[in-house]
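model09.txt (compact mmCIF, C-alpha atoms and all ligand atoms)
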```txt
# COMPACT_ATOMS: atom_id res chain seq x y z
CA MET A 195 39.17 9.64 -46.54
CA ALA A 196 38.95 13.34 -45.76
CA ASN A 197 36.04 14.67 -43.69
CA GLN A 198 34.79 11.24 -42.88
CA LYS A 199 31.42 11.57 -41.24
CA VAL A 200 30.22 9.45 -38.37
CA MET A 201 26.61 9.38 -37.32
CA SER A 202 24.48 7.30 -35.00
CA MET A 203 21.00 6.13 -35.77
CA ASP A 204 18.56 3.33 -35.10
CA LEU A 205 19.96 0.95 -37.71
CA GLU A 206 17.19 -1.59 -37.45
CA ARG A 207 14.63 1.05 -38.16
CA TYR A 208 16.69 2.47 -41.01
CA VAL A 209 17.04 -0.91 -42.71
CA THR A 210 13.30 -1.55 -42.36
CA GLU A 211 12.56 1.80 -43.96
CA MET A 212 15.04 1.23 -46.81
CA ARG A 213 13.56 -2.20 -47.50
CA ARG A 214 10.12 -0.68 -47.68
CA LEU A 215 11.34 1.88 -50.22
CA GLY A 216 13.20 -0.73 -52.26
CA TYR A 217 16.59 0.73 -51.36
CA CYS A 218 18.00 -2.37 -49.73
CA ARG A 219 19.61 -5.62 -50.85
CA GLU A 220 20.27 -8.46 -48.50
CA LYS A 221 23.71 -10.07 -48.53
CA ARG A 222 25.07 -12.93 -46.45
CA THR A 223 26.23 -10.85 -43.47
CA ASP A 224 25.02 -7.37 -44.40
CA TYR A 225 22.16 -5.30 -45.62
CA VAL A 226 23.28 -3.01 -48.41
CA CYS A 227 21.22 0.15 -48.35
CA MET A 228 20.98 3.60 -49.81
CA CYS A 229 23.31 5.87 -47.84
CA PRO A 230 21.58 8.94 -46.34
CA GLU A 231 24.65 11.08 -47.09
CA CYS A 232 24.95 9.99 -50.71
CA LYS A 233 21.20 10.34 -51.20
CA ALA A 234 21.38 13.92 -49.91
CA ARG A 235 24.25 14.71 -52.32
CA HIS A 236 22.20 13.42 -55.26
CA LYS A 237 18.90 14.86 -54.18
CA ASN A 238 18.45 16.47 -57.62
CA ASP A 239 18.93 13.14 -59.33
CA PRO A 240 15.89 10.90 -58.75
CA THR A 241 17.51 8.07 -60.72
CA TYR A 242 20.44 7.79 -58.30
CA ARG A 243 20.28 4.41 -56.63
CA ASN A 244 23.80 3.38 -55.86
CA LEU A 245 23.41 1.06 -52.87
CA LYS A 246 26.73 1.14 -51.05
CA LEU A 247 25.96 1.50 -47.36
CA TYR A 248 26.84 -1.87 -45.81
CA ILE A 249 25.08 -2.44 -42.48
CA ASP A 250 26.02 -5.58 -40.61
CA LYS A 251 23.18 -7.85 -39.59
CA ASP A 252 23.98 -7.33 -35.90
CA MET A 253 22.68 -3.80 -36.49
CA GLN A 254 25.65 -2.25 -34.73
CA TYR A 255 27.72 -0.77 -37.53
CA GLY A 256 27.52 0.42 -41.13
CA HIS A 257 29.91 1.87 -43.71
CA CYS A 258 29.36 3.57 -47.07
CA PHE A 259 31.88 2.65 -49.77
CA VAL A 260 31.10 5.77 -51.80
CA CYS A 261 31.29 8.64 -49.34
CA GLY A 262 32.89 6.89 -46.37
CA LEU A 263 30.08 7.58 -43.94
CA VAL A 264 30.26 5.49 -40.80
CA VAL A 265 26.99 4.78 -38.99
CA LEU A 266 26.76 3.39 -35.48
CA SER A 267 23.79 2.01 -33.65
CA ASP A 268 22.40 4.74 -31.43
CA ASP A 269 22.04 2.42 -28.45
CA GLN A 270 25.75 1.56 -28.30
CA SER A 271 26.65 4.28 -25.84
CA ILE A 272 23.85 3.33 -23.45
CA ASN A 273 23.87 -0.42 -23.26
CA THR A 274 25.00 -3.01 -25.74
CA GLN A 275 23.19 -5.85 -23.99
CA VAL A 276 19.62 -4.82 -24.64
CA LYS A 277 17.78 -3.34 -27.56
CA ARG A 278 15.87 -0.29 -26.50
CA ILE A 279 12.37 0.35 -27.72
CA GLU A 280 12.01 3.24 -30.09
CA PRO A 281 9.83 5.66 -28.09
CA LYS A 282 6.60 6.82 -29.68
CA VAL A 283 7.53 10.37 -28.84
CA ASP A 284 11.02 11.70 -29.45
CA MET A 285 12.78 11.62 -26.10
CA ASN A 286 16.23 12.34 -27.44
CA ASN A 287 15.70 16.08 -27.43
CA TRP A 288 14.37 16.01 -23.91
CA GLN A 289 15.27 19.03 -21.83
CA ILE A 290 14.76 19.83 -18.20
CA CYS A 291 11.94 22.31 -17.66
CA LYS A 292 12.98 24.60 -14.80
CA LEU A 293 11.01 27.22 -12.98
CA GLY A 294 11.88 30.45 -14.80
CA SER A 295 13.12 33.87 -13.77
CA GLU A 296 9.99 35.73 -14.91
CA GLY A 297 6.90 36.44 -12.86
CA TYR A 298 6.28 36.17 -9.15
CA TRP A 299 7.25 32.54 -8.46
CA THR A 300 10.80 32.48 -9.76
CA LEU A 301 13.56 30.07 -8.95
CA ASP A 302 15.46 32.91 -7.24
CA ARG A 303 12.62 33.36 -4.79
CA TRP A 304 13.64 30.14 -3.16
CA ASN A 305 16.44 32.05 -1.43
CA GLU A 306 13.93 34.33 0.28
CA PHE A 307 11.91 31.55 1.93
CA ASP A 308 12.35 30.98 5.66
CA GLU A 309 14.59 28.19 6.92
CA ASP A 310 12.46 27.77 10.04
CA ASP A 311 8.90 28.57 10.96
CA GLU A 312 7.32 27.21 14.13
CA GLU A 313 3.77 27.23 12.72
CA GLY A 314 4.90 25.45 9.58
CA ILE A 315 6.91 22.90 11.55
CA ASN A 316 3.94 22.31 13.87
CA TYR A 317 1.77 21.58 10.88
CA LEU A 318 4.28 19.04 9.57
CA THR A 319 4.78 17.25 12.89
CA HIS A 320 1.20 17.29 14.18
CA LYS A 321 -0.90 17.11 11.04
CA ARG A 322 1.39 14.85 9.08
CA LEU A 323 4.12 12.82 10.80
CA TYR A 324 5.92 13.57 14.06
CA ILE A 325 9.20 12.45 12.49
CA TYR A 326 9.11 15.61 10.35
CA ARG A 327 10.47 17.45 13.36
CA LYS A 328 13.84 16.07 12.34
CA LEU A 329 13.15 15.24 8.73
CA TYR A 330 12.10 18.53 7.21
CA LYS A 331 15.60 19.97 7.17
CA LEU A 332 17.03 16.79 5.63
CA VAL A 333 14.74 17.05 2.62
CA GLY A 334 15.36 20.80 2.43
CA ILE A 335 11.85 22.08 3.19
CA LYS A 336 11.61 25.85 3.70
CA PHE A 337 8.61 28.05 4.58
CA LYS A 338 6.72 30.88 2.96
CA ASP A 339 4.08 32.57 5.19
CA HIS A 340 4.13 29.39 7.37
CA ASN A 341 3.45 27.16 4.35
CA PRO A 342 6.03 24.41 3.84
CA VAL A 343 7.78 24.67 0.46
CA VAL A 344 9.33 21.50 -0.93
CA PRO A 345 12.34 21.92 -3.25
CA PHE A 346 12.63 19.77 -6.39
CA TYR A 347 16.07 18.75 -7.55
CA TYR A 348 17.26 17.12 -10.73
CA LYS A 349 20.81 15.74 -10.71
CA GLY A 350 21.62 17.93 -7.76
CA GLN A 351 20.27 21.13 -9.25
CA LEU A 352 17.27 23.05 -7.89
CA VAL A 353 14.69 23.10 -10.68
CA TYR A 354 11.33 23.71 -9.03
CA TYR A 355 9.41 23.97 -5.77
CA GLN A 356 5.89 23.26 -4.57
CA MET A 357 4.03 24.75 -1.63
CA ARG A 358 1.68 23.00 0.77
CA ILE A 359 -1.03 25.46 1.83
CA ILE A 360 -1.69 24.78 5.52
CA ASP A 361 -4.74 27.03 6.00
CA PRO A 362 -7.55 24.48 6.61
CA ASN A 363 -10.01 26.84 4.93
CA SER A 364 -8.03 26.97 1.72
CA LYS A 365 -9.60 25.02 -1.14
CA MET A 366 -6.20 24.64 -2.70
CA LYS A 367 -4.03 22.17 -0.82
CA TYR A 368 -0.92 22.48 -2.94
CA TYR A 369 0.36 25.40 -4.93
CA SER A 370 2.46 24.42 -7.93
CA PRO A 371 3.88 27.39 -9.88
CA HIS A 372 3.28 27.06 -13.60
CA THR A 373 5.89 25.51 -15.89
CA GLU A 374 5.47 24.05 -19.34
CA HIS A 375 5.89 20.52 -18.02
CA LYS A 376 4.98 19.03 -14.67
CA ASN A 377 8.19 18.21 -12.85
CA PRO A 378 8.32 15.03 -10.83
CA TYR A 379 9.56 15.24 -7.26
CA ILE A 380 12.65 13.07 -6.97
CA LEU A 381 14.52 12.38 -3.74
CA GLU A 382 17.80 11.63 -5.43
CA SER A 383 20.49 9.44 -3.98
CA GLY A 384 23.52 9.49 -6.24
CA GLU A 385 23.55 7.02 -9.10
CA ASN A 386 20.93 4.77 -7.54
CA LYS A 387 19.06 2.79 -10.20
CA LYS A 388 16.30 1.47 -7.97
CA PHE A 389 13.18 3.64 -7.93
CA VAL A 390 9.84 3.81 -6.20
CA ILE A 391 7.11 5.75 -7.98
CA CYS A 392 4.38 7.39 -5.93
CA GLU A 393 1.87 10.22 -6.15
CA GLY A 394 2.79 13.23 -4.01
CA THR A 395 5.77 14.94 -2.41
CA PHE A 396 4.94 13.67 1.09
CA ASP A 397 4.40 10.14 -0.22
CA ALA A 398 7.88 10.35 -1.71
CA ILE A 399 9.35 11.33 1.67
CA ALA A 400 7.45 8.45 3.32
CA CYS A 401 8.76 6.09 0.61
CA LYS A 402 12.32 7.15 1.43
CA ILE A 403 11.78 5.76 4.93
CA LEU A 404 9.81 2.69 3.81
CA TYR A 405 12.29 1.85 1.02
CA PRO A 406 15.65 3.33 2.01
CA ASP A 407 17.44 1.63 -0.91
CA ARG A 408 15.19 3.26 -3.51
CA THR A 409 14.98 6.71 -5.05
CA PRO A 410 11.43 8.06 -4.65
CA PHE A 411 9.91 9.61 -7.76
CA ALA A 412 6.53 11.36 -7.29
CA VAL A 413 4.47 12.08 -10.40
CA LEU A 414 2.21 14.67 -8.67
CA GLY A 415 -0.97 13.22 -10.05
CA SER A 416 -2.58 9.95 -10.97
CA ASP A 417 -0.66 9.46 -14.20
CA ILE A 418 2.89 9.73 -15.46
CA THR A 419 3.59 12.14 -18.33
CA ASP A 420 5.89 11.64 -21.33
CA TYR A 421 8.13 14.36 -19.90
CA GLN A 422 8.39 12.51 -16.60
CA ILE A 423 9.13 9.20 -18.30
CA ALA A 424 11.85 10.91 -20.36
CA MET A 425 13.31 12.23 -17.13
CA LEU A 426 13.12 8.80 -15.49
CA ARG A 427 14.95 7.34 -18.49
CA THR A 428 17.91 9.64 -17.89
CA TYR A 429 18.64 7.67 -14.69
CA CYS A 430 18.62 4.32 -16.60
CA PRO A 431 16.53 2.69 -13.86
CA GLU A 432 17.03 -1.04 -13.37
CA ASP A 433 14.28 -1.70 -10.88
CA ILE A 434 11.03 0.23 -10.45
CA LEU A 435 8.40 -0.28 -7.78
CA ILE A 436 5.10 1.54 -8.28
CA TYR A 437 3.17 2.47 -5.17
CA MET A 438 0.14 4.62 -5.90
CA ASP A 439 -2.84 4.65 -3.55
CA LYS A 440 -4.89 2.54 -5.95
CA THR A 441 -3.55 -0.65 -7.52
CA GLU A 442 -5.29 0.06 -10.84
CA ILE A 443 -3.48 3.41 -11.09
CA SER A 444 -0.18 1.66 -10.42
CA ARG A 445 -0.99 -0.82 -13.17
CA ARG A 446 -1.77 1.92 -15.64
CA ILE A 447 1.50 3.68 -14.84
CA LYS A 448 3.37 0.42 -15.23
CA ASP A 449 1.91 -0.05 -18.72
CA ARG A 450 2.84 3.50 -19.66
CA ILE A 451 6.44 3.11 -18.46
CA MET A 452 6.84 -0.23 -20.21
CA GLU A 453 6.17 1.46 -23.53
CA TYR A 454 9.41 3.37 -23.07
CA ILE A 455 11.57 1.44 -20.62
CA ASN A 456 11.80 -2.27 -21.37
CA TYR A 457 15.08 -3.06 -19.64
CA ALA A 458 13.93 -2.51 -16.04
CA ASP A 459 12.22 -4.79 -13.59
CA ILE A 460 8.86 -3.11 -12.94
CA ASN A 461 6.68 -4.18 -10.04
CA ILE A 462 3.59 -2.93 -8.28
CA ASN A 463 2.97 -2.55 -4.58
CA PRO A 464 -0.75 -3.35 -4.24
CA SER A 465 -2.76 -0.84 -2.23
CA ASP A 466 -6.20 -0.88 -0.67
CA GLY A 467 -6.47 2.91 -0.95
CA THR A 468 -3.83 3.69 1.66
CA ASP A 469 -1.08 5.91 0.33
CA PRO A 470 2.57 5.50 1.42
CA GLU A 471 2.38 8.34 3.95
CA GLU A 472 -0.72 6.88 5.63
CA PHE A 473 0.90 3.46 5.63
CA LEU A 474 4.03 4.86 7.29
CA LYS A 475 1.96 6.77 9.83
CA HIS A 476 0.14 3.58 10.77
CA LYS A 477 3.42 1.71 11.01
CA LEU A 478 4.96 4.35 13.27
CA VAL A 479 1.91 4.32 15.55
CA MET A 480 2.11 0.51 15.81
CA GLN A 481 5.81 0.69 16.60
CA ALA A 482 5.19 3.31 19.26
CA GLU A 483 2.44 1.20 20.86
CA GLU A 484 4.64 -1.87 20.86
CA SER A 485 7.50 0.00 22.44
CA GLU A 486 5.23 1.08 25.30
CA TYR A 487 4.94 -2.55 26.37
CA ASP A 488 8.66 -3.23 26.21
ZN ZN A 501 27.49 7.41 -48.81
```

As a first step, turn the structure in this file into structure tokens.
Ligand SMILES: [Zn+2]
Amino acid sequence: MANQKVMSMDLERYVTEMRRLGYCREKRTDYVCMCPECKARHKNDPTYRNLKLYIDKDMQYGHCFVCGLVVLSDDQSINTQVKRIEPKVDMNNWQICKLGSEGYWTLDRWNEFDEDDEEGINYLTHKRLYIYRKLYKLVGIKFKDHNPVVPFYYKGQLVYYQMRIIDPNSKMKYYSPHTEHKNPYILESGENKKFVICEGTFDAIACKILYPDRTPFAVLGSDITDYQIAMLRTYCPEDILIYMDKTEISRRIKDRIMEYINYADININPSDGTDPEEFLKHKLVMQAEESEYD
């Protein structure tokens, strides 16, 4: 057949909808439904009800015997073993939201920030963790007026940055340039499908040391947004550990993620109010004390 069309859709959902509208007959191995293509061609004819789209009961494949349309289940290309949940919000048109080229805080500005800054490095090593002396370059931190600036990458591409304001008198601790969506901070490691979700950029860096086999994913707040979940989905995570500084926040985030990702193992690291960076700091101090007695 010439110009045979192929489309993918959620077949289960389509059959349910057609049944509701009375455009579906059940056969032994198939559901026979109204074809979306044929229906569109006869949109001026309300009496048209030629049911010729045969959808197999495995919900993987369908074929119209009038127009030749072939429909495939939209989850075939991702994973044939599990049925994905249909997200409440459309995540198929998800797009990365990068820092723009307009205004003062542009993506290009990143190139102007300083590679080294003794005051900034002192802040990192004395006020946060001494291991930053070596670590800051590994995670790509630069400096602007002594303030450490943390770069955000998505699939290897710089998309955003956030600044830690080190002036103790500043009310604002972090400066996050405005974008339409709040980007998560992800310390990517290739195709890794094991994640650890935490709150802030420095928690994420601490998590990289505490859980070297996981990709840290910081939500920069006490909740995870739809945009961030859509982004997380693009990695097809298999195993997610949630480590926020309060267990109840971790639980809430777990519930949110489970609405959209049902194929991953999702666990919580209980916390008494200590965040991952504080936990790591404590651990490093203990190790240092122990080593003094060796
Ligand atoms: Zn058709």

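Distance check against Val260 (chain A) using all atoms listed in the file: of A:Lys338, A:Lys233, A:Arg327, A:Lys365, the minimum falls on A:Lys233.
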
Subject >> Sel. within 9 Å of pt (21.1, 6.2, -35.0), counting all atoms listed in the file, output as a PyMOL selection string >> reply: chain A and resi 201-205+207-208+265-269

Original post:
Of the candidates A:Val479, A:Leu414, A:Met228, A:Met253, which one gets nearest to ligand ZN 501 (chain A) if we count all atoms listed in the file?
Top reply: A:Met228

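Closest approach to Met357 (chain A) among A:Leu245, A:Ile335, A:Ile447, A:Ala424 is made by A:Ile335 (distances from all atoms listed in the file).
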
Give me, as a tab-separated table, each residue of chain A that comes within 10 Å of ligand ZN 501 (chain A), together with its shortest interatomic pair and the distance in Å at one decimal, counting only C-alpha atoms and all ligand atoms, with rows ordered by chain and rising residue number.
```
residue	atom	partner	partner_atom	distance
A:Lys199	CA	A:ZN501	ZN	9.5
A:Cys227	CA	A:ZN501	ZN	9.6
A:Met228	CA	A:ZN501	ZN	7.6
A:Cys229	CA	A:ZN501	ZN	4.6
A:Pro230	CA	A:ZN501	ZN	6.6
A:Glu231	CA	A:ZN501	ZN	4.9
A:Cys232	CA	A:ZN501	ZN	4.1
A:Lys233	CA	A:ZN501	ZN	7.3
A:Ala234	CA	A:ZN501	ZN	9.0
A:Arg235	CA	A:ZN501	ZN	8.7
A:Asn244	CA	A:ZN501	ZN	8.9
A:Leu245	CA	A:ZN501	ZN	8.6
A:Lys246	CA	A:ZN501	ZN	6.7
A:Leu247	CA	A:ZN501	ZN	6.3
A:Tyr248	CA	A:ZN501	ZN	9.8
A:His257	CA	A:ZN501	ZN	7.9
A:Cys258	CA	A:ZN501	ZN	4.6
A:Phe259	CA	A:ZN501	ZN	6.5
A:Val260	CA	A:ZN501	ZN	5.0
A:Cys261	CA	A:ZN501	ZN	4.0
A:Gly262	CA	A:ZN501	ZN	5.9
A:Leu263	CA	A:ZN501	ZN	5.5
A:Val264	CA	A:ZN501	ZN	8.7
```

**OP:** For Ala400 (chain A), list every protein, DNA or RNA residue within 10 Å, evaluated using only C-alpha atoms, and leave out those in the same chain fewer than 4 positions away; present the list as an NGL selection string.
**Re:** :A and (323 or 392 or 394-396 or 404-406 or 410 or 469-475)

Original post:
Which is closer to Trp288 (chain A) than all the others in A:Met425, A:Met480, A:Ile418, A:Ile325, using all atoms listed in the file?
Top reply: A:Met425

Original post:
Which value, in Å to one decimal, gives the distance between CA of Ser444 (chain A) and CA of Ile462 (chain A)?
Top reply: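 Computing the Euclidean distance for CA of Ser444 (chain A) and CA of Ile462 (chain A) yields 6.3 Å.
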
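Using all atoms listed in the file, the smallest distance between any of A:Val343, A:Leu352, A:Ile391, A:Ile403 and Leu293 (chain A) comes from A:Leu352.
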
Subject >> Spatial neighbours of region 378-389 of chain A, max dist 8 Å, all atoms listed in the file, sep filter under 6 positions, as an NGL selection string >> reply: :A and (333 or 346-350 or 395 or 398-399 or 402 or 407-414 or 422 or 429-435)

**OP:** Might you pull out every residue within 12 Å of Asp420 (chain A), with all atoms listed in the file counted and same-chain residues fewer than 2 positions away left off, and present them as a ChimeraX atom specification?
**Re:** /A:281-285,288-289,375-378,413,417-418,422-427,447,450-455

Original post:
Closest to Asp250 (chain A) among A:Glu220, A:Glu442, A:Glu484, A:Glu309, using all atoms listed in the file?
Top reply: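 The shortest atom-to-atom distance to Asp250 (chain A) comes from A:Glu220.
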
Original post:
In Å, with one decimal, what is the gap from CA of Leu301 (chain A) to CA of Tyr354 (chain A)?
Top reply: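 Answer for the CA of Leu301 (chain A) to CA of Tyr354 (chain A) separation: 6.7 Å.
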
Original post:
How many Å lie between CA of Leu318 (chain A) and CA of Trp304 (chain A), rounded to one decimal?
Top reply: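 Taking CA of Leu318 (chain A) as the start and CA of Trp304 (chain A) as the end point, the length is 19.3 Å.
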
Original post:
Around (-2.7, 1.9, -8.4) in the file's frame, which residues reach within 9 Å when counting only C-alpha atoms? Return as a PyMOL selection string?
Top reply: chain A and resi 416+436-447+462-467

Let me see the file: selected residues, C-alpha atoms, as a PDB file, keeping the file's coordinate frame.
```pdb
ATOM      1  CA  SER A 416      -2.580   9.950 -10.970  1.00  0.00           C
ATOM      2  CA  ILE A 436       5.100   1.540  -8.280  1.00  0.00           C
ATOM      3  CA  TYR A 437       3.170   2.470  -5.170  1.00  0.00           C
ATOM      4  CA  MET A 438       0.140   4.620  -5.900  1.00  0.00           C
ATOM      5  CA  ASP A 439      -2.840   4.650  -3.550  1.00  0.00           C
ATOM      6  CA  LYS A 440      -4.890   2.540  -5.950  1.00  0.00           C
ATOM      7  CA  THR A 441      -3.550  -0.650  -7.520  1.00  0.00           C
ATOM      8  CA  GLU A 442      -5.290   0.060 -10.840  1.00  0.00           C
ATOM      9  CA  ILE A 443      -3.480   3.410 -11.090  1.00  0.00           C
ATOM     10  CA  SER A 444      -0.180   1.660 -10.420  1.00  0.00           C
ATOM     11  CA  ARG A 445      -0.990  -0.820 -13.170  1.00  0.00           C
ATOM     12  CA  ARG A 446      -1.770   1.920 -15.640  1.00  0.00           C
ATOM     13  CA  ILE A 447       1.500   3.680 -14.840  1.00  0.00           C
ATOM     14  CA  ILE A 462       3.590  -2.930  -8.280  1.00  0.00           C
ATOM     15  CA  ASN A 463       2.970  -2.550  -4.580  1.00  0.00           C
ATOM     16  CA  PRO A 464      -0.750  -3.350  -4.240  1.00  0.00           C
ATOM     17  CA  SER A 465      -2.760  -0.840  -2.230  1.00  0.00           C
ATOM     18  CA  ASP A 466      -6.200  -0.880  -0.670  1.00  0.00           C
ATOM     19  CA  GLY A 467      -6.470   2.910  -0.950  1.00  0.00           C
TER      20      GLY A 467
END
```

Please determine an axis-aligned box that encloses all atoms of region 378-386 of chain A listed in the file, with 5 Å added on each side, and express its centre and edge lengths in Å to one decimal as JSON.
```
{"center_x": 15.9, "center_y": 10.0, "center_z": -7.3, "size_x": 25.2, "size_y": 20.5, "size_z": 17.1}
```

Please, could N, CA and C atoms be added to region 365-379 of chain A and the result written as a PDB file, keeping the file's coordinate frame?
```
ATOM      1  N   LYS A 365      -9.138  26.097  -0.264  1.00  0.00           N
ATOM      2  CA  LYS A 365      -9.600  25.020  -1.140  1.00  0.00           C
ATOM      3  C   LYS A 365      -8.417  24.343  -1.806  1.00  0.00           C
ATOM      4  N   MET A 366      -7.394  25.170  -2.029  1.00  0.00           N
ATOM      5  CA  MET A 366      -6.200  24.640  -2.700  1.00  0.00           C
ATOM      6  C   MET A 366      -5.270  24.067  -1.636  1.00  0.00           C
ATOM      7  N   LYS A 367      -4.904  22.808  -1.803  1.00  0.00           N
ATOM      8  CA  LYS A 367      -4.030  22.170  -0.820  1.00  0.00           C
ATOM      9  C   LYS A 367      -2.554  22.349  -1.187  1.00  0.00           C
ATOM     10  N   TYR A 368      -2.308  22.319  -2.478  1.00  0.00           N
ATOM     11  CA  TYR A 368      -0.920  22.480  -2.940  1.00  0.00           C
ATOM     12  C   TYR A 368      -0.881  23.618  -3.941  1.00  0.00           C
ATOM     13  N   TYR A 369       0.174  24.410  -3.873  1.00  0.00           N
ATOM     14  CA  TYR A 369       0.360  25.400  -4.930  1.00  0.00           C
ATOM     15  C   TYR A 369       1.595  25.015  -5.737  1.00  0.00           C
ATOM     16  N   SER A 370       1.371  24.783  -7.028  1.00  0.00           N
ATOM     17  CA  SER A 370       2.460  24.420  -7.930  1.00  0.00           C
ATOM     18  C   SER A 370       2.622  25.512  -8.974  1.00  0.00           C
ATOM     19  N   PRO A 371       3.681  26.326  -8.882  1.00  0.00           N
ATOM     20  CA  PRO A 371       3.880  27.390  -9.880  1.00  0.00           C
ATOM     21  C   PRO A 371       3.893  26.798 -11.301  1.00  0.00           C
ATOM     22  N   HIS A 372       3.418  27.576 -12.242  1.00  0.00           N
ATOM     23  CA  HIS A 372       3.280  27.060 -13.600  1.00  0.00           C
ATOM     24  C   HIS A 372       4.628  26.884 -14.309  1.00  0.00           C
ATOM     25  N   THR A 373       4.785  25.729 -14.936  1.00  0.00           N
ATOM     26  CA  THR A 373       5.890  25.510 -15.890  1.00  0.00           C
ATOM     27  C   THR A 373       5.291  24.736 -17.044  1.00  0.00           C
ATOM     28  N   GLU A 374       6.003  24.694 -18.142  1.00  0.00           N
ATOM     29  CA  GLU A 374       5.470  24.050 -19.340  1.00  0.00           C
ATOM     30  C   GLU A 374       5.187  22.564 -19.087  1.00  0.00           C
ATOM     31  N   HIS A 375       6.086  21.930 -18.345  1.00  0.00           N
ATOM     32  CA  HIS A 375       5.890  20.520 -18.020  1.00  0.00           C
ATOM     33  C   HIS A 375       5.827  20.337 -16.509  1.00  0.00           C
ATOM     34  N   LYS A 376       5.103  19.318 -16.090  1.00  0.00           N
ATOM     35  CA  LYS A 376       4.980  19.030 -14.670  1.00  0.00           C
ATOM     36  C   LYS A 376       6.199  18.247 -14.201  1.00  0.00           C
ATOM     37  N   ASN A 377       6.995  18.887 -13.335  1.00  0.00           N
ATOM     38  CA  ASN A 377       8.190  18.210 -12.850  1.00  0.00           C
ATOM     39  C   ASN A 377       7.843  17.159 -11.822  1.00  0.00           C
ATOM     40  N   PRO A 378       8.500  16.019 -11.894  1.00  0.00           N
ATOM     41  CA  PRO A 378       8.320  15.030 -10.830  1.00  0.00           C
ATOM     42  C   PRO A 378       9.144  15.455  -9.615  1.00  0.00           C
ATOM     43  N   TYR A 379       8.775  14.970  -8.458  1.00  0.00           N
ATOM     44  CA  TYR A 379       9.560  15.240  -7.260  1.00  0.00           C
ATOM     45  C   TYR A 379      10.433  14.005  -7.013  1.00  0.00           C
TER      46      TYR A 379
END
```
